[in-house]
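Heads up: the structure comes next, in C-alpha cells.
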Amino acid sequence: MNWKKKGRVLGVALLSVSLGACDILTVNDPGRYTGPDLDDALQAVADGVEGRSQLYVQYFAAYTALLGDEYQHTGTWSGFDALDHGNFLKEWYGFFADYHTSNRVFSEQSWERFERVLGAAEAASSTVGAQVKLARATYTLLSVWHNCEAVAEPAPSPSLSDTEIRKIAAQRFSDAIDVAQAAGASFHGNAARAGKAIALYLTGDYAGAVAEAAQVPDGYVYGQIFNQVYRNYVVVVTTKGHNEAAGLMYWLWPRIDKTEDTHTYIRDWATNEHDMRMPAWFDGEIATDNITPHYSQYKYDTDMTLIPMYHSDHMKLIEAEAMVMNGDYAGATAVLNGLRAAVGLAALEVPDNEEMMMEALLNERFAELFMEGYRATDLHRFGLVRERFDSFNDPERPGEGRPTKFAGSNRETRYNDMIEDDDALRCWPQS
C-alpha cells in the first residue's frame, strides 16, 4: 500500500465529495461535481467516504487523552482545561455522534449509487464497495467511541446504548468482510475483521472477537492518513515544537528522562526500561501556559504521521484480555510477553491473582495503544475512573462525579421525534 499516494487521493476526495451526504453535489453548478459526474467517478466517491471515516480519529486521540489520564491541559484553551479537570458541560462533544451519524448516511447514499451504476452483484464484489462498507461500519463504531449513545438509522429512530450500537457495528463489519472477500480486497477485509473484533470485545463477546482477531495478519496496520490539507491534529495542537496546548499527565513525568536534542521513551511500568512503544520528549521547556513543564507525546512526530485505527498488535491484546477473563493468566501473560519482546522489553512473570493480572493487562494496553484513544474507554469499562483520579489526591481533578464518557447527541433531541430532551431518559455517565 502506497500510503503517500493514497493520502493524496483521500484528501482530494474529501474536498470534492464530502458534501455528498446532503446531496448538494447534484446542484447545477459548473464548479461542482454533479450526480452524473459522480457516477463516472466512483473511485473518488469511495475514497471520499473512506477518508471521512478516518477524519475524526485525530480529535478522539487528543480529546480522550484529556478525558482519561494520558494528557493534561498545558495551554490557554478553556475546552481543553474543562476536559482535563472533568467539569465540561453535558452538551459538549455530542457532535462526535452527530458527525458519524451524518457520514454514515453519506456512505449509505454512496452504496446506493454503486448499486445503481454497477448493478447490485458487481457493487457487492467491488473494491469501491469494500471501501464504502468498511467506512459505514467504522462510522457506526466511532459514533459511540466515547459517546454513551447514538442512533443507528436515519430519524425518526431511537437512541441506542453504546453496547447496542457496537453490536450493530459488528454486523456492518461483517457486511464489509463479505464484500471485501468477493472483491479480493484483502487490505480492507483485514481492517473490517479488526474493526469487528474491537466492536465485539467491547460488548463482552470475547469468543467472537478472538475468532476475528486471529485472522488479521501480523504486522497489519490501517490508520488515519494525512496530507497538506488534513494534518495530524495531535501533533499540530499538542506536540513538541508545535502548539503544546496539552502534554502528558504528571503521573508519567517521573518515567520520562530529560533530553536535549532528541526524543526519549516513557519507562516501562514493570522494569523501568525504556519502552519504545511510548516515545516522548522533555527538554525542560515550559508549555504554552507559561507554567507547566511540557512533556510531549512523540509517537506522532510529524503532522503527516499516521494514527493507527486497526492493527494486529491490538488483536493480540484482545486475545490476551479474553484469556484473562477466562482465568488463563499464563496464556495471557505469554501473549503480552510476545508484544513486549517485539520492542526489546523483559518478560513479565505470570501474576498469581486477579488484581495483579488486571494491572499487567491495563498497563500493557496503555503502552501498546498509547495515544490511540483507548485509555479513557478502558478506565470507563472497568469502572476505574473514580479510583484512578482519587489516587492522584488532586483537588483540581477529583474522582467523584468526573464524566467518564461524552453524552449523546443534542441535535437528535431537536430533530428526531423518537428522542425526548429529558435528562432522566438520556445518558451521561459519571464516576
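Within each chain, counting starts at residue 1; across the C-alpha cells, chains are named A, B, ... in the order shown, with ligands numbered 1 upward in that order.
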Practice item. Go through region 208-422 of chain A and collect every residue that DSSP, computed from the backbone, puts in alpha helix (DSSP H); the answer should be as a VMD selection string. Key: chain A and resid 208 to 213 233 to 238 312 to 325 329 to 341 354 to 368 375 to 381 385 to 390 411 to 415
Practice item. Go through A:Asn232, A:Thr404, A:Thr264, A:Ser296 and flag the residue nearest Phe389 (chain A), using only C-alpha atoms for the distances. Key: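 Ranked by minimum distance to Phe389 (chain A), first place goes to A:Thr404.
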Check your understanding: Can you list, as number ranges by chain, every protein, DNA or RNA residue that comes within 8 Å of region 288-295 of chain A when you count only C-alpha atoms, leaving out same-chain residues fewer than 6 positions away?
Key -> A: 74-76, 240, 243-249, 253, 280-282
Those selected residues, please, written with N, CA, C and O atoms and delivered as a tab-separated table (two decimals), in the first residue's frame.
```
chain	number	residue	atom	x	y	z
A	74	THR	N	-2.14	22.14	29.06
A	74	THR	CA	-0.93	22.93	29.30
A	74	THR	C	-0.96	24.23	28.50
A	74	THR	O	0.08	24.84	28.28
A	75	GLY	N	-2.15	24.62	28.06
A	75	GLY	CA	-2.25	25.81	27.22
A	75	GLY	C	-3.21	26.83	27.79
A	75	GLY	O	-3.25	27.05	29.00
A	76	THR	N	-4.00	27.43	26.92
A	76	THR	CA	-4.91	28.50	27.32
A	76	THR	C	-6.34	28.26	26.84
A	76	THR	O	-7.15	29.17	26.86
A	240	LYS	N	5.60	18.63	20.93
A	240	LYS	CA	6.85	19.39	20.97
A	240	LYS	C	7.12	20.09	19.65
A	240	LYS	O	7.07	19.48	18.58
A	243	ASN	N	1.96	23.61	18.98
A	243	ASN	CA	1.22	24.47	19.89
A	243	ASN	C	1.45	24.15	21.36
A	243	ASN	O	1.48	25.03	22.20
A	244	GLU	N	1.55	22.87	21.71
A	244	GLU	CA	1.80	22.43	23.09
A	244	GLU	C	0.67	22.82	24.04
A	244	GLU	O	0.89	23.18	25.19
A	245	ALA	N	-0.57	22.70	23.55
A	245	ALA	CA	-1.74	23.04	24.38
A	245	ALA	C	-2.09	21.93	25.35
A	245	ALA	O	-2.92	22.14	26.25
A	246	ALA	N	-1.51	20.76	25.20
A	246	ALA	CA	-1.68	19.66	26.15
A	246	ALA	C	-0.39	18.85	26.17
A	246	ALA	O	0.38	18.85	25.20
A	247	GLY	N	-0.17	18.16	27.27
A	247	GLY	CA	1.02	17.34	27.40
A	247	GLY	C	0.73	16.12	28.25
A	247	GLY	O	-0.35	15.99	28.84
A	248	LEU	N	1.67	15.22	28.33
A	248	LEU	CA	1.50	14.00	29.10
A	248	LEU	C	1.24	14.35	30.57
A	248	LEU	O	1.86	15.26	31.13
A	249	MET	N	0.33	13.61	31.19
A	249	MET	CA	-0.10	13.92	32.55
A	249	MET	C	1.02	13.67	33.56
A	249	MET	O	1.88	12.82	33.36
A	253	TRP	N	5.49	11.81	34.47
A	253	TRP	CA	6.73	12.58	34.40
A	253	TRP	C	7.94	11.86	35.01
A	253	TRP	O	9.04	11.90	34.41
A	280	ALA	N	8.48	9.87	23.78
A	280	ALA	CA	8.14	11.12	24.46
A	280	ALA	C	9.30	12.09	24.32
A	280	ALA	O	10.41	11.72	23.92
A	281	TRP	N	9.04	13.35	24.66
A	281	TRP	CA	10.09	14.37	24.57
A	281	TRP	C	9.93	15.33	25.74
A	281	TRP	O	8.86	15.89	25.96
A	282	PHE	N	11.00	15.52	26.49
A	282	PHE	CA	11.02	16.57	27.51
A	282	PHE	C	12.43	17.14	27.60
A	282	PHE	O	13.39	16.45	27.91
```
Review point. With only C-alpha atoms as the basis for distance, which of A:Glu372, A:Glu149, A:Glu396, A:Glu364 is at the shortest distance from Asp98 (chain A)?
Key: A:Glu149
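Taking CA of Gly401 (chain A) as the reference point, CA of Phe366 (chain A) is found at 23.4 Å.
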Check your understanding: Hey, what's within 9 Å of region 81-97 of chain A if we count only C-alpha atoms and toss same-chain stuff fewer than 3 positions away? As a ChimeraX atom specification, please?
Key -> /A:56,60,63-69,71-78,100-102,142-147,149-151,396-399,401-404,406-411,428
For the residues selected in the previous step, produce a file with C-alpha atoms as an mmCIF file, in the first residue's frame.
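Below is the file that was written, part20.cif:
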```
data_model
loop_
_atom_site.group_PDB
_atom_site.id
_atom_site.type_symbol
_atom_site.label_atom_id
_atom_site.label_comp_id
_atom_site.auth_asym_id
_atom_site.auth_seq_id
_atom_site.Cartn_x
_atom_site.Cartn_y
_atom_site.Cartn_z
ATOM 1 C CA TYR A 56 -12.088 12.418 13.471
ATOM 2 C CA PHE A 60 -10.569 11.427 19.562
ATOM 3 C CA TYR A 63 -9.747 14.822 23.485
ATOM 4 C CA THR A 64 -9.996 11.409 25.104
ATOM 5 C CA ALA A 65 -6.395 11.633 26.309
ATOM 6 C CA LEU A 66 -7.661 14.619 28.310
ATOM 7 C CA LEU A 67 -10.837 12.793 29.315
ATOM 8 C CA GLY A 68 -8.700 9.976 30.727
ATOM 9 C CA ASP A 69 -5.292 10.105 32.366
ATOM 10 C CA TYR A 71 -2.981 14.172 28.940
ATOM 11 C CA GLN A 72 -3.359 17.332 30.962
ATOM 12 C CA HIS A 73 -4.085 20.841 29.724
ATOM 13 C CA THR A 74 -0.933 22.933 29.301
ATOM 14 C CA GLY A 75 -2.250 25.808 27.222
ATOM 15 C CA THR A 76 -4.913 28.500 27.321
ATOM 16 C CA TRP A 77 -7.959 26.761 25.828
ATOM 17 C CA SER A 78 -10.998 26.567 28.097
ATOM 18 C CA HIS A 100 -20.529 9.940 12.408
ATOM 19 C CA THR A 101 -24.304 9.676 12.040
ATOM 20 C CA SER A 102 -24.340 12.156 9.158
ATOM 21 C CA LEU A 142 -16.951 5.574 16.157
ATOM 22 C CA SER A 143 -20.362 7.108 16.870
ATOM 23 C CA VAL A 144 -20.107 5.575 20.366
ATOM 24 C CA TRP A 145 -16.344 5.529 20.677
ATOM 25 C CA HIS A 146 -16.621 7.943 23.572
ATOM 26 C CA ASN A 147 -20.331 8.753 23.450
ATOM 27 C CA GLU A 149 -25.492 6.542 22.950
ATOM 28 C CA ALA A 150 -26.210 7.171 19.271
ATOM 29 C CA VAL A 151 -28.730 6.393 16.549
ATOM 30 C CA GLU A 396 -8.420 20.062 40.789
ATOM 31 C CA ARG A 397 -9.163 16.615 39.328
ATOM 32 C CA PRO A 398 -11.474 14.859 41.804
ATOM 33 C CA GLY A 399 -12.565 11.318 41.038
ATOM 34 C CA GLY A 401 -18.519 12.972 39.654
ATOM 35 C CA ARG A 402 -15.986 13.008 36.835
ATOM 36 C CA PRO A 403 -17.613 12.349 33.442
ATOM 37 C CA THR A 404 -16.454 9.018 32.072
ATOM 38 C CA PHE A 406 -19.446 12.091 26.445
ATOM 39 C CA ALA A 407 -23.211 12.484 26.424
ATOM 40 C CA GLY A 408 -25.412 11.631 23.476
ATOM 41 C CA SER A 409 -26.251 13.987 20.659
ATOM 42 C CA ASN A 410 -28.260 17.113 21.491
ATOM 43 C CA ARG A 411 -29.112 17.647 17.845
ATOM 44 C CA TRP A 428 -24.117 10.902 30.659
#
```
Point to revise | Length of the CA of Asp303 (chain A) to CA of Ala191 (chain A) vector [Å] | key: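 Taking CA of Asp303 (chain A) as the start and CA of Ala191 (chain A) as the end point, the length is 23.2 Å.
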**Study point:** Residues near Ala192 (chain A), cut-off 9 Å, only C-alpha atoms, skip fewer than 3 positions along chain, as a PyMOL selection string
**Key:** chain A and resi 133-134+137-138+172-177+180+187-189+195-197+310
Could you give me, as a CSV table (one decimal) with N, CA and C atoms, in the first residue's frame, the residues within 12 Å of Asp328 (chain A), counting only C-alpha atoms and dropping anything in the same chain fewer than 6 positions from it?
```csv
chain,number,residue,atom,x,y,z
A,319,GLU,N,-6.8,-11.0,22.3
A,319,GLU,CA,-6.6,-12.4,22.7
A,319,GLU,C,-6.2,-12.5,24.2
A,320,ALA,N,-5.3,-11.6,24.6
A,320,ALA,CA,-4.8,-11.7,26.0
A,320,ALA,C,-6.0,-11.3,26.9
A,321,GLU,N,-6.8,-10.3,26.6
A,321,GLU,CA,-7.9,-10.0,27.5
A,321,GLU,C,-8.9,-11.1,27.6
A,322,ALA,N,-9.2,-11.8,26.5
A,322,ALA,CA,-10.1,-12.9,26.6
A,322,ALA,C,-9.6,-14.0,27.5
A,334,ALA,N,1.8,-14.8,28.3
A,334,ALA,CA,2.6,-15.2,27.2
A,334,ALA,C,2.3,-14.3,26.0
A,335,VAL,N,1.1,-14.0,25.8
A,335,VAL,CA,0.7,-13.1,24.7
A,335,VAL,C,1.3,-11.7,24.9
A,350,VAL,N,4.2,-14.5,35.5
A,350,VAL,CA,2.8,-14.8,35.5
A,350,VAL,C,2.2,-14.4,36.8
A,351,PRO,N,1.2,-13.4,36.8
A,351,PRO,CA,0.6,-13.0,38.0
A,351,PRO,C,-0.1,-14.2,38.7
A,352,ASP,N,-0.2,-14.1,40.0
A,352,ASP,CA,-0.9,-15.2,40.8
A,352,ASP,C,-2.2,-14.8,41.3
A,353,ASN,N,-2.7,-13.6,41.0
A,353,ASN,CA,-4.0,-13.2,41.4
A,353,ASN,C,-4.6,-12.2,40.4
A,354,GLU,N,-5.9,-12.0,40.5
A,354,GLU,CA,-6.7,-11.2,39.5
A,354,GLU,C,-6.2,-9.8,39.5
A,357,MET,N,-3.0,-9.5,37.6
A,357,MET,CA,-3.2,-9.7,36.2
A,357,MET,C,-3.9,-8.5,35.5
```
Practice item. Please report, as a ChimeraX atom specification, each residue of region 120-340 of chain A to which DSSP assigns strand (DSSP E or B) when run on this structure's backbone. Key: /A:147,149-150,160-161,221-224,246-248,264-267,274-281,286,293,296-297,307-311
Check your understanding: Given the choices A:Ala120, A:Glu115, A:Cys148, A:Thr262, which gets closest to Leu160 (chain A) if the distance is worked out from only C-alpha atoms?
Key -> A:Cys148
Point to revise | Who sits within 9 Å of region 418-421 of chain A, only C-alpha atoms, same chain under 3 positions skipped, as a list in words | key: Ala155, Pro156, Ser157, Pro158, Ser159, Asn410, Glu412, Thr413, Arg414, Tyr415, Ala424, Leu425 and Arg426 of chain A
Review point. So which one's closest to Asp162 (chain A), A:Arg386, A:Lys299, A:Arg381, A:Arg113? Using only C-alpha atoms, please.
Key: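 Selected residue with least distance to Asp162 (chain A): A:Arg381.
What separates CA of Thr140 (chain A) from CA of Leu42 (chain A) is a distance of 22.2 Å.
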**Study point:** Nearest to Met323 (chain A), chosen from A:Tyr230, A:Ala44, A:Ala346, A:Ala207, with only C-alpha atoms counted in the distances
**Key:** A:Ala207
